[in-house]
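Visitor: Below you'll find model13.cif; it's mmCIF, C-alpha atoms.
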```
data_input
loop_
_atom_site.label_atom_id
_atom_site.label_comp_id
_atom_site.auth_asym_id
_atom_site.auth_seq_id
_atom_site.Cartn_x
_atom_site.Cartn_y
_atom_site.Cartn_z
CA MET S 57 2.04 -12.26 -17.28
CA ALA S 58 -1.25 -10.46 -16.75
CA ILE S 59 -3.71 -11.18 -14.00
CA SER S 60 -6.20 -12.48 -16.53
CA ASP S 61 -3.81 -15.27 -17.51
CA ASN S 62 -4.54 -17.05 -14.24
CA ILE S 63 -8.24 -16.33 -13.74
CA ASP S 64 -10.93 -18.92 -14.22
CA MET S 65 -14.06 -16.85 -14.75
CA THR S 66 -16.26 -19.94 -15.25
CA ASN S 67 -15.83 -21.72 -11.91
CA PRO S 68 -19.07 -20.92 -9.99
CA ILE S 69 -18.18 -22.63 -6.70
CA ASP S 70 -14.98 -22.41 -4.70
CA ARG S 71 -14.33 -25.18 -2.21
CA VAL S 72 -13.21 -24.07 1.23
CA ARG S 73 -11.34 -25.99 3.89
CA PRO S 74 -10.94 -25.49 7.64
CA ILE S 75 -7.85 -23.68 8.82
CA THR S 76 -5.97 -24.04 12.10
CA PHE S 77 -4.51 -21.52 14.52
CA ALA S 78 -1.10 -22.57 13.23
CA ASP S 79 -2.24 -21.45 9.76
CA LEU S 80 -2.82 -17.94 11.12
CA TRP S 81 0.70 -17.61 12.42
CA ASP S 82 2.11 -19.14 9.24
CA ALA S 83 0.17 -16.62 7.15
CA LEU S 84 1.59 -13.79 9.28
CA ARG S 85 5.09 -15.21 8.94
CA LYS S 86 4.78 -15.41 5.16
CA GLY S 87 3.24 -11.95 5.02
CA ALA S 88 6.18 -10.51 6.94
CA ALA S 89 8.58 -12.35 4.66
CA ASP S 90 6.91 -10.86 1.58
CA PHE S 91 7.17 -7.39 3.07
CA TRP S 92 10.78 -7.64 4.22
CA GLU S 93 11.89 -9.14 0.91
CA ARG S 94 12.01 -5.61 -0.48
CA PRO S 95 10.48 -3.32 2.15
CA SER S 96 11.61 -0.05 0.63
CA HIS S 97 9.65 -0.88 -2.51
CA TYR S 98 6.37 -1.25 -0.67
CA VAL S 99 6.34 2.03 1.22
CA PHE S 100 4.62 3.94 -1.60
CA LEU S 101 1.73 1.49 -1.50
CA VAL S 102 0.80 2.49 2.04
CA VAL S 103 2.09 6.03 2.42
CA ILE S 104 -1.37 7.45 1.70
CA TYR S 105 -2.81 5.43 4.57
CA PRO S 106 -0.76 6.92 7.45
CA VAL S 107 -0.66 10.39 5.87
CA ALA S 108 -4.45 10.40 5.56
CA GLY S 109 -4.69 9.26 9.16
CA ILE S 110 -2.47 12.09 10.36
CA LEU S 111 -4.43 14.67 8.37
CA LEU S 112 -7.72 13.36 9.69
CA ALA S 113 -6.35 13.44 13.24
CA VAL S 114 -5.27 17.06 12.87
CA TRP S 115 -8.52 18.05 11.21
CA THR S 116 -10.81 16.47 13.76
CA ALA S 117 -8.75 17.68 16.72
CA GLY S 118 -8.95 21.24 15.49
CA GLY S 119 -12.65 21.44 14.73
CA ASN S 120 -16.03 20.47 16.09
CA LEU S 121 -15.70 16.92 14.79
CA PHE S 122 -13.00 15.75 17.21
CA SER S 123 -15.54 13.31 18.64
CA LEU S 124 -15.17 11.29 15.41
CA LEU S 125 -11.40 10.89 15.74
CA TYR S 126 -11.62 7.48 17.43
CA PRO S 127 -14.39 6.17 15.10
CA ILE S 128 -12.39 7.28 12.06
CA ALA S 129 -9.25 5.54 13.30
CA ALA S 130 -11.18 2.39 14.20
CA GLY S 131 -13.06 2.50 10.90
CA PHE S 132 -9.84 2.17 8.91
CA ALA S 133 -10.11 -1.56 9.57
CA LEU S 134 -13.33 -1.55 7.54
CA ILE S 135 -11.67 -0.24 4.38
CA GLY S 136 -8.30 -1.94 4.86
CA PRO S 137 -9.07 -4.78 2.39
CA VAL S 138 -9.34 -2.24 -0.44
CA ALA S 139 -6.03 -0.60 0.49
CA ALA S 140 -4.34 -4.02 0.38
CA LEU S 141 -5.38 -4.98 -3.17
CA GLY S 142 -1.99 -4.22 -4.67
CA LEU S 143 -0.29 -6.22 -1.92
CA TYR S 144 -2.36 -9.30 -2.77
CA GLU S 145 -1.11 -9.07 -6.35
CA ILE S 146 2.52 -8.75 -5.26
CA SER S 147 2.20 -11.85 -3.05
CA ARG S 148 0.44 -13.73 -5.84
CA ARG S 149 3.24 -13.00 -8.29
CA ARG S 150 5.96 -13.86 -5.79
CA GLU S 151 4.20 -17.13 -4.97
CA GLN S 152 4.22 -18.09 -8.66
CA GLY S 153 7.83 -17.10 -9.19
CA LEU S 154 6.92 -14.09 -11.34
CA ASP S 155 8.44 -10.63 -11.25
CA ASP S 156 7.19 -9.09 -8.00
CA HIS S 157 8.30 -5.53 -8.63
CA PRO S 158 5.91 -3.15 -6.82
CA ALA S 159 4.87 -1.64 -10.14
CA TYR S 160 2.85 -4.80 -10.74
CA ALA S 161 0.59 -3.81 -7.85
CA PHE S 162 -1.23 -1.60 -10.33
CA MET S 163 -2.09 -4.65 -12.43
CA VAL S 164 -5.23 -4.90 -10.31
CA LEU S 165 -6.59 -2.07 -12.48
CA LYS S 166 -6.50 -4.48 -15.44
CA SER S 167 -8.20 -7.36 -13.65
CA PRO S 168 -11.25 -8.82 -15.43
CA ALA S 169 -12.92 -8.77 -12.01
CA LEU S 170 -12.36 -5.04 -11.51
CA GLY S 171 -16.09 -4.38 -11.64
CA SER S 172 -16.77 -6.93 -8.90
CA ILE S 173 -13.88 -5.55 -6.85
CA ALA S 174 -15.38 -2.07 -7.22
CA VAL S 175 -18.75 -3.35 -5.99
CA LEU S 176 -17.13 -4.80 -2.86
CA GLY S 177 -15.14 -1.61 -2.39
CA LEU S 178 -18.35 0.41 -2.58
CA MET S 179 -19.93 -1.88 0.01
CA LEU S 180 -17.03 -1.22 2.39
CA ALA S 181 -17.24 2.52 1.76
CA VAL S 182 -20.94 2.44 2.66
CA CYS S 183 -20.12 0.44 5.81
CA PHE S 184 -17.52 3.04 6.78
CA ALA S 185 -19.97 5.90 6.23
CA VAL S 186 -22.77 4.20 8.17
CA TRP S 187 -20.34 3.42 11.00
CA LEU S 188 -19.38 7.09 11.27
CA MET S 189 -23.05 8.13 11.30
CA ALA S 190 -23.79 5.56 14.00
CA ALA S 191 -20.82 6.75 16.07
CA ASP S 192 -21.89 10.37 15.72
CA ALA S 193 -25.48 9.51 16.71
CA LEU S 194 -24.22 7.68 19.81
CA TYR S 195 -22.06 10.64 20.80
CA LEU S 196 -24.96 13.05 20.41
CA TYR S 197 -27.20 10.76 22.45
CA PHE S 198 -24.85 10.42 25.41
CA PHE S 199 -23.47 13.97 25.42
CA ARG S 200 -26.44 15.90 24.07
CA HIS S 201 -26.89 17.95 27.28
CA ASN S 202 -23.26 18.78 28.09
CA PRO S 203 -20.98 18.14 25.10
CA PRO S 204 -17.22 18.46 25.78
CA GLU S 205 -15.64 21.46 24.10
CA THR S 206 -12.14 20.03 23.61
CA LEU S 207 -10.61 16.67 22.77
CA SER S 208 -9.01 16.38 26.21
CA ALA S 209 -12.36 17.11 27.86
CA LEU S 210 -13.99 14.42 25.74
CA ILE S 211 -11.36 11.85 26.73
CA TRP S 212 -11.78 12.74 30.41
CA ALA S 213 -15.58 12.57 30.24
CA THR S 214 -15.47 9.28 28.34
CA LEU S 215 -13.24 7.61 30.92
CA THR S 216 -14.72 9.03 34.12
CA THR S 217 -18.48 9.51 33.66
CA PRO S 218 -21.43 7.11 33.25
CA TYR S 219 -22.25 8.80 29.94
CA GLY S 220 -18.75 8.13 28.71
CA TRP S 221 -18.86 4.53 29.83
CA GLY S 222 -22.12 4.07 27.98
CA LEU S 223 -20.60 5.59 24.87
CA LEU S 224 -17.61 3.26 25.12
CA MET S 225 -19.71 0.15 25.69
CA TRP S 226 -22.26 0.72 22.95
CA GLY S 227 -19.75 2.22 20.54
CA ASN S 228 -17.41 -0.74 20.80
CA LEU S 229 -20.32 -3.20 20.59
CA ILE S 230 -21.71 -1.61 17.43
CA GLY S 231 -18.21 -1.28 16.00
CA PHE S 232 -17.64 -4.98 16.64
CA CYS S 233 -20.78 -5.79 14.65
CA PHE S 234 -19.55 -3.72 11.71
CA ALA S 235 -16.10 -5.33 11.89
CA LEU S 236 -17.60 -8.83 12.10
CA PHE S 237 -19.74 -8.17 9.03
CA VAL S 238 -16.75 -6.92 7.02
CA LEU S 239 -14.54 -9.79 8.20
CA THR S 240 -17.13 -12.42 7.31
CA THR S 241 -17.99 -11.05 3.89
CA THR S 242 -14.60 -9.88 2.59
CA VAL S 243 -11.71 -11.64 4.36
CA ILE S 244 -11.47 -14.06 1.43
CA ALA S 245 -13.49 -12.14 -1.16
CA PHE S 246 -10.92 -9.63 -2.42
CA PRO S 247 -8.02 -12.09 -2.86
CA LEU S 248 -10.43 -14.54 -4.52
CA LEU S 249 -11.63 -11.99 -7.06
CA LEU S 250 -8.08 -10.95 -7.84
CA ASP S 251 -7.00 -14.58 -8.25
CA ARG S 252 -9.99 -16.23 -9.94
CA GLY S 253 -12.38 -13.52 -10.99
CA GLY S 254 -16.14 -14.00 -10.81
CA ASP S 255 -18.87 -11.83 -9.38
CA ALA S 256 -19.09 -10.12 -6.02
CA LEU S 257 -21.86 -12.37 -4.66
CA ARG S 258 -19.80 -15.49 -5.38
CA ALA S 259 -16.81 -13.96 -3.59
CA ILE S 260 -18.90 -12.96 -0.59
CA ASN S 261 -20.47 -16.43 -0.46
CA THR S 262 -17.05 -18.07 -0.49
CA SER S 263 -15.80 -15.76 2.24
CA VAL S 264 -18.82 -16.50 4.44
CA ARG S 265 -18.42 -20.26 3.93
CA ALA S 266 -14.73 -20.06 4.78
CA VAL S 267 -15.46 -18.20 8.01
CA MET S 268 -18.24 -20.62 8.93
CA ALA S 269 -15.83 -23.54 8.39
CA SER S 270 -13.35 -22.07 10.91
CA PRO S 271 -15.21 -19.47 12.99
CA PHE S 272 -12.87 -19.36 15.99
CA GLN S 273 -9.79 -19.14 13.80
CA PHE S 274 -11.19 -16.27 11.76
CA LEU S 275 -12.39 -14.46 14.87
CA THR S 276 -8.85 -14.78 16.17
CA TRP S 277 -7.58 -13.42 12.87
CA GLY S 278 -9.92 -10.44 13.22
CA ALA S 279 -8.60 -9.83 16.74
CA ILE S 280 -5.00 -10.01 15.49
CA VAL S 281 -5.77 -7.49 12.76
CA ALA S 282 -7.48 -5.14 15.23
CA VAL S 283 -4.61 -5.30 17.73
CA LEU S 284 -1.93 -4.75 15.09
CA LEU S 285 -3.84 -1.85 13.53
CA PHE S 286 -4.23 -0.30 16.98
CA ILE S 287 -0.52 -0.67 17.69
CA GLY S 288 0.33 0.75 14.27
CA SER S 289 -1.97 3.71 14.87
CA LEU S 290 -0.38 4.77 18.14
CA PRO S 291 2.62 6.71 16.78
CA LEU S 292 0.40 9.11 14.76
CA PHE S 293 -0.59 6.28 12.41
CA VAL S 294 2.97 6.03 11.05
CA GLY S 295 3.31 2.43 12.23
CA LEU S 296 0.64 1.48 9.72
CA ALA S 297 3.29 1.84 7.01
CA ILE S 298 4.65 -1.48 8.30
CA VAL S 299 1.56 -3.10 9.79
CA LEU S 300 -0.74 -2.65 6.80
CA PRO S 301 1.50 -4.26 4.15
CA ILE S 302 2.32 -7.20 6.42
CA LEU S 303 -1.38 -7.80 7.05
CA GLY S 304 -2.13 -7.37 3.36
CA HIS S 305 0.41 -9.97 2.31
CA ALA S 306 -0.65 -12.25 5.16
CA THR S 307 -4.28 -12.08 4.06
CA TRP S 308 -3.27 -13.42 0.67
CA HIS S 309 -1.60 -16.41 2.28
CA LEU S 310 -4.61 -16.93 4.55
CA TYR S 311 -6.81 -17.03 1.47
CA ARG S 312 -4.56 -19.69 -0.04
CA LYS S 313 -4.99 -21.81 3.08
CA ALA S 314 -8.77 -21.39 3.28
CA VAL S 315 -9.76 -21.88 -0.37
CA VAL S 316 -8.88 -25.06 -2.24
#
```
Would you encode the structure as structure tokens?
Guide:
Amino acid sequence: MAISDNIDMTNPIDRVRPITFADLWDALRKGAADFWERPSHYVFLVVIYPVAGILLAVWTAGGNLFSLLYPIAAGFALIGPVAALGLYEISRRREQGLDDHPAYAFMVLKSPALGSIAVLGLMLAVCFAVWLMAADALYLYFFRHNPPETLSALIWATLTTPYGWGLLMWGNLIGFCFALFVLTTTVIAFPLLLDRGGDALRAINTSVRAVMASPFQFLTWGAIVAVLLFIGSLPLFVGLAIVLPILGHATWHLYRKAVV
């Protein structure tokens, strides 16, 4: 069965409902169950993610751009929803009792809403690029007079000097604003487009309304995602091979709980 068989392209409004904190944990539980059902089959969906992270870490540590290592790692959360598209489709098929072989993850390329999905993906790519520019501008502002020459020197200066503390405070504050924008506009948008189609503005509107209906719950969800991504990034990003698919599947189940 193709994705288009289950899409209602004519429904202009999607009703949302409040979610509870228990719904968050249930979504995580179901996401983990989807992943562990056939974990070896899902590795190829996320292998690019940790490999790219490792390459970026090596590249930035060996050149003059090592100051962007932390912003790049943190910025992965901004483009995570795009990386999880195939996982949403696998969870959707499993939920409906259809064949959930990982090959069906590529069915997203045949979705009638592919254009709208591409628009949202472009929006996230722009957010990621602007975040990196903002992080670089902050670094140049705080360390313009005495820039560290090595990664270890940068870490030491960041943790022990007023300039470093300022960089940490403002960098994390601005990063939080970027993350909040992405969470509010896309946490429901990508699964909705994959499931029901429609245009990007409708999906963003639904996502915003869902977050506004349960702001504390979705803020908690954002914190859970950030913590798990951080933990997964620690062993040279390799842990993301487990964390990312679980979060991807869980996001699908969270969408099911938030949208009628």
Visitor: Quick one: everything within 8 Å of Thr214 (chain S), counting only C-alpha atoms, minus sequence neighbours fewer than 6 positions away in the same chain. Send it as a PyMOL selection string.
Guide: chain S and resi 220-221+223-224
Visitor: Next, write the just-selected residues to a file, as a PDB file, in the frame of the given file, keeping C-alpha atoms as the atom set.
Guide:
```pdb
ATOM      1  CA  GLY S 220     -18.750   8.130  28.710  1.00  0.00           C
ATOM      2  CA  TRP S 221     -18.860   4.530  29.830  1.00  0.00           C
ATOM      3  CA  LEU S 223     -20.600   5.590  24.870  1.00  0.00           C
ATOM      4  CA  LEU S 224     -17.610   3.260  25.120  1.00  0.00           C
TER       5      LEU S 224
END
```
Visitor: Quote the spacing between CA of Pro218 (chain S) and CA of His201 (chain S) in Å to one decimal place.
Guide: 13.5 Å
Visitor: Looking at S:Ala133, S:Leu141, S:Leu124, S:Leu249, which one is nearest to Cys183 (chain S), with distances taken over only C-alpha atoms?
Guide: S:Ala133
Visitor: State, in Å with one decimal place, the distance from CA of Ile287 (chain S) to CA of Val299 (chain S).
Guide: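 Those two atoms sit 8.5 Å apart.
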Visitor: Hey, can you check how far CA of Ala130 (chain S) sits from CA of Ala279 (chain S)?
Guide: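 For CA of Ala130 (chain S) relative to CA of Ala279 (chain S), the distance reads 12.7 Å.
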